[in-house]
Amino acid sequence: MTRRTYITQEEQSLPGHKPMKDRLTLVLCANASGDCKVKPLLVYHSENPRVFKACKVYKARLNVMWRSNKKSWVTRIFFTEWINDVFGPSVRKYLEEKQLPLKALVVLDNAPAHPPQMRDELYPENQFITIKFLPPNTTPLLQPMDQKVIANFKKLYMKALLERCVDVTDNTGLTLKEFWKNHFNILGALRLIDKAWEGVTRRTLNSAWRNLWPEGVPERDFEGFGPAPVEDLEVHLVDDIVALGQTLGLELDAADVQELVEEHSEELTTEELLELQKEINQEEAQEFSSGEEEVREDAAASSSEIREVLGMFEKGHPKTKTKAIVNRKVLSKSRETKSQ
């Protein structure tokens with residue numbers, strides 16, 4: 001919700017559940033023709049939200065690649081996994097279906113989450129991908145996703161959210177405040193994300209390449225429209241959002257919409273990502289230390305049994321043969337535990 005609405009103002013003054021403060025990060029990607037949208041990468045602060053368990057949600061079936069950390073930030077590890085496990089297979093399938101050469105160029109800005117040596121991280125089956133980084137400080141001017149694609153997506157998300165609010169308040173006994181506080185959650189947000197990403201048009205995606213690759217944007221697009229209607233559609237979209245807000249009794253105008261769209265648009269700094277990586281390393285070290293202690297205890301117990309068997313061999317104990325056969329399994333288990 002925008003800052004001026006009474007819901008936001010109440011959230012700022014009252015403790016408890018605050019959807020306004022709940023955040024996630026999305027990685028959006030599409031081709032220059034606008035007919036291939038890649039499944040987004042989504043990073044949230046919880047790996048298994050409570051609502052997922054309650055509704056039996058399988059993350060592998062979501063229309064996003066789900067990852068999590070405390071800050072809801074995209075890390076280099078997450079981004080590399082997305083490139084290899086989502087982008088590569090999706091683009092390969094698209095090229096094969098279109099009977100196009102197996103070649104793909106990925107245009108990236110210099111965000112800290114984009115590894116400079118990304119090429120070295122590609123799986124063998126993804127070697128058809130070429131990575132190209134834009135010059136520093138050119139993202140607002142050249143990066144296609146920054147040329148109104150992300151802004152358009154956010155507006156479509158906001159429209160879908162307000163439409164959902166209108167539907168709930170019209171058809172249930174819930175007030176807007178009750179719905180927002182007690183019933184809107186990450187699962188509802190995922191549905192809106194799907195709807196908004198689906199709503200980003202080919203025309204919008206293609207026109208976003210005009211600054212970087214003018215030749216790739218025809219004067220008359222595949223629907224027979226020139227560049228102007230894209231801007232006109234943005235105006236109509238904002239008008240729809242404002243009208244929906246007013247239907248809900250919210251104080252909302254075009255400037256509020258623009259403010260919300262521009263919020264959280266700052267790139268994360270290298271220092272912030274290093275801070276996150278430090279936290280992740282500490283958690284992994286604690287898990288490893290805990291696991292190592294368990295392994296040592298198992299290994300110590302197994303070693304004492306092995307020494308007992310060897311002592312029996314030396315003394316010619318009558319039960320040595322049976323005991324030795326049993327303890328071969330112990331020895332094997334001990335070796336497996338140490339290797340783990």
# chains A, B, ... in the order shown; residues from 1 in each chain; ligands from 1

$ select_by_dssp --residues "region 73-278 of chain A" --states "alpha helix (DSSP H)" --output "PyMOL selection string"
chain A and resi 76-82+88-97+118-121+139-142+149-171+176-182+186-199+202-207+228-247+254-262+270-278

$ residues_around --residues "Glu231 (chain A)" --least-positions-apart "4" --cutoff "10 Å" --atoms "only C-alpha atoms" --output "list of chain:residue names"
A:Lys148, A:Thr204, A:Pro227, A:Val235, A:His236, A:Leu237

$ write_last_selection --atoms "N, CA and C atoms" --output "PDB file, in the first residue's frame"
ATOM      1  N   LYS A 148      11.064   0.594 -18.127  1.00  0.00           N
ATOM      2  CA  LYS A 148       9.621   0.515 -17.888  1.00  0.00           C
ATOM      3  C   LYS A 148       9.078  -0.898 -17.736  1.00  0.00           C
ATOM      4  N   THR A 204       5.438  -4.244 -24.588  1.00  0.00           N
ATOM      5  CA  THR A 204       6.217  -3.608 -23.520  1.00  0.00           C
ATOM      6  C   THR A 204       7.633  -4.174 -23.459  1.00  0.00           C
ATOM      7  N   PRO A 227       5.497   3.063 -31.275  1.00  0.00           N
ATOM      8  CA  PRO A 227       5.957   3.152 -29.889  1.00  0.00           C
ATOM      9  C   PRO A 227       5.034   3.909 -28.941  1.00  0.00           C
ATOM     10  N   VAL A 235      -0.436   5.164 -18.846  1.00  0.00           N
ATOM     11  CA  VAL A 235      -1.313   6.188 -18.266  1.00  0.00           C
ATOM     12  C   VAL A 235      -2.649   5.565 -17.873  1.00  0.00           C
ATOM     13  N   HIS A 236      -3.203   4.745 -18.762  1.00  0.00           N
ATOM     14  CA  HIS A 236      -4.485   4.098 -18.466  1.00  0.00           C
ATOM     15  C   HIS A 236      -4.355   3.166 -17.257  1.00  0.00           C
ATOM     16  N   LEU A 237      -3.222   2.501 -17.149  1.00  0.00           N
ATOM     17  CA  LEU A 237      -2.995   1.578 -16.032  1.00  0.00           C
ATOM     18  C   LEU A 237      -2.975   2.329 -14.699  1.00  0.00           C
TER      19      LEU A 237
END

$ select_by_dssp --residues "region 40-157 of chain A" --states "strand (DSSP E or B)" --output "ChimeraX atom specification"
/A:40-44,65-68,104-108,129-133

$ closest_residue --among "A:Ile193, A:Ile131, A:Val91, A:Val261" --to "Asn31 (chain A)" --atoms "only C-alpha atoms"
A:Val91

$ closest_residue --among "A:Gln143, A:Ala196, A:Leu187, A:Ser33" --to "Lys59 (chain A)" --atoms "only C-alpha atoms"
A:Leu187

$ atom_distance --atom1 "CA of Asp167 (chain A)" --atom2 "CA of Asp253 (chain A)"
20.9 Å

$ closest_residue --among "A:Asn211, A:Asn206, A:Asn126, A:Thr247" --to "Gly34 (chain A)" --atoms "only C-alpha atoms"
A:Asn206

$ residues_around --residues "Asn137 (chain A)" --least-positions-apart "5" --cutoff "12 Å" --atoms "only C-alpha atoms" --output "VMD selection string"
chain A and resid 109 to 111 142 to 143 267

$ write_last_selection --atoms "all heavy atoms" --output "PDB file, in the first residue's frame"
ATOM      1  N   ASP A 109      23.498  -6.171 -15.925  1.00  0.00           N
ATOM      2  CA  ASP A 109      24.157  -4.988 -15.392  1.00  0.00           C
ATOM      3  C   ASP A 109      25.185  -5.440 -14.355  1.00  0.00           C
ATOM      4  O   ASP A 109      25.384  -6.635 -14.136  1.00  0.00           O
ATOM      5  CB  ASP A 109      23.147  -4.001 -14.796  1.00  0.00           C
ATOM      6  CG  ASP A 109      22.290  -4.623 -13.709  1.00  0.00           C
ATOM      7  OD1 ASP A 109      22.771  -5.574 -13.054  1.00  0.00           O
ATOM      8  OD2 ASP A 109      21.147  -4.167 -13.502  1.00  0.00           O
ATOM      9  N   ASN A 110      25.849  -4.488 -13.725  1.00  0.00           N
ATOM     10  CA  ASN A 110      26.943  -4.825 -12.806  1.00  0.00           C
ATOM     11  C   ASN A 110      26.473  -4.922 -11.359  1.00  0.00           C
ATOM     12  O   ASN A 110      27.185  -4.521 -10.436  1.00  0.00           O
ATOM     13  CB  ASN A 110      28.063  -3.788 -12.927  1.00  0.00           C
ATOM     14  CG  ASN A 110      28.820  -3.925 -14.232  1.00  0.00           C
ATOM     15  OD1 ASN A 110      29.772  -4.675 -14.322  1.00  0.00           O
ATOM     16  ND2 ASN A 110      28.364  -3.221 -15.266  1.00  0.00           N
ATOM     17  N   ALA A 111      25.297  -5.455 -11.138  1.00  0.00           N
ATOM     18  CA  ALA A 111      24.810  -5.657  -9.776  1.00  0.00           C
ATOM     19  C   ALA A 111      25.728  -6.632  -9.044  1.00  0.00           C
ATOM     20  O   ALA A 111      26.277  -7.558  -9.668  1.00  0.00           O
ATOM     21  CB  ALA A 111      23.383  -6.205  -9.802  1.00  0.00           C
ATOM     22  N   LEU A 142      20.264   1.901 -20.195  1.00  0.00           N
ATOM     23  CA  LEU A 142      20.361   0.833 -21.190  1.00  0.00           C
ATOM     24  C   LEU A 142      19.693  -0.479 -20.800  1.00  0.00           C
ATOM     25  O   LEU A 142      19.185  -1.174 -21.683  1.00  0.00           O
ATOM     26  CB  LEU A 142      21.844   0.548 -21.499  1.00  0.00           C
ATOM     27  CG  LEU A 142      22.659   1.704 -22.087  1.00  0.00           C
ATOM     28  CD1 LEU A 142      24.103   1.280 -22.278  1.00  0.00           C
ATOM     29  CD2 LEU A 142      22.060   2.147 -23.426  1.00  0.00           C
ATOM     30  N   GLN A 143      19.739  -0.846 -19.528  1.00  0.00           N
ATOM     31  CA  GLN A 143      19.216  -2.152 -19.121  1.00  0.00           C
ATOM     32  C   GLN A 143      17.737  -2.247 -19.496  1.00  0.00           C
ATOM     33  O   GLN A 143      16.904  -1.503 -18.998  1.00  0.00           O
ATOM     34  CB  GLN A 143      19.411  -2.324 -17.620  1.00  0.00           C
ATOM     35  CG  GLN A 143      18.676  -3.503 -16.986  1.00  0.00           C
ATOM     36  CD  GLN A 143      19.053  -4.845 -17.545  1.00  0.00           C
ATOM     37  OE1 GLN A 143      18.546  -5.213 -18.599  1.00  0.00           O
ATOM     38  NE2 GLN A 143      19.937  -5.562 -16.884  1.00  0.00           N
ATOM     39  N   GLU A 267      20.055  -0.409  -6.087  1.00  0.00           N
ATOM     40  CA  GLU A 267      20.826  -1.649  -6.140  1.00  0.00           C
ATOM     41  C   GLU A 267      21.484  -1.900  -4.786  1.00  0.00           C
ATOM     42  O   GLU A 267      21.893  -0.973  -4.096  1.00  0.00           O
ATOM     43  CB  GLU A 267      21.911  -1.560  -7.230  1.00  0.00           C
ATOM     44  CG  GLU A 267      21.363  -1.497  -8.644  1.00  0.00           C
ATOM     45  CD  GLU A 267      20.870  -2.839  -9.143  1.00  0.00           C
ATOM     46  OE1 GLU A 267      20.970  -3.832  -8.379  1.00  0.00           O
ATOM     47  OE2 GLU A 267      20.389  -2.908 -10.273  1.00  0.00           O
TER      48      GLU A 267
END

$ residues_around --residues "region 63-72 of chain A" --least-positions-apart "4" --cutoff "9 Å" --atoms "only C-alpha atoms" --output "ChimeraX atom specification"
/A:23-26,39-48,59,78,82,86,190,194,276,279-280

$ closest_residue --among "A:Ala30, A:Leu176, A:Leu156, A:Val74" --to "Glu272 (chain A)" --atoms "only C-alpha atoms"
A:Val74

$ atom_distance --atom1 "CA of Pro218 (chain A)" --atom2 "CA of Gly199 (chain A)"
21.4 Å

$ closest_residue --among "A:Thr75, A:Gly216, A:Ile241, A:Leu122" --to "Tyr157 (chain A)" --atoms "only C-alpha atoms"
A:Ile241

$ atom_distance --atom1 "CA of Gln246 (chain A)" --atom2 "CA of Val149 (chain A)"
25.6 Å
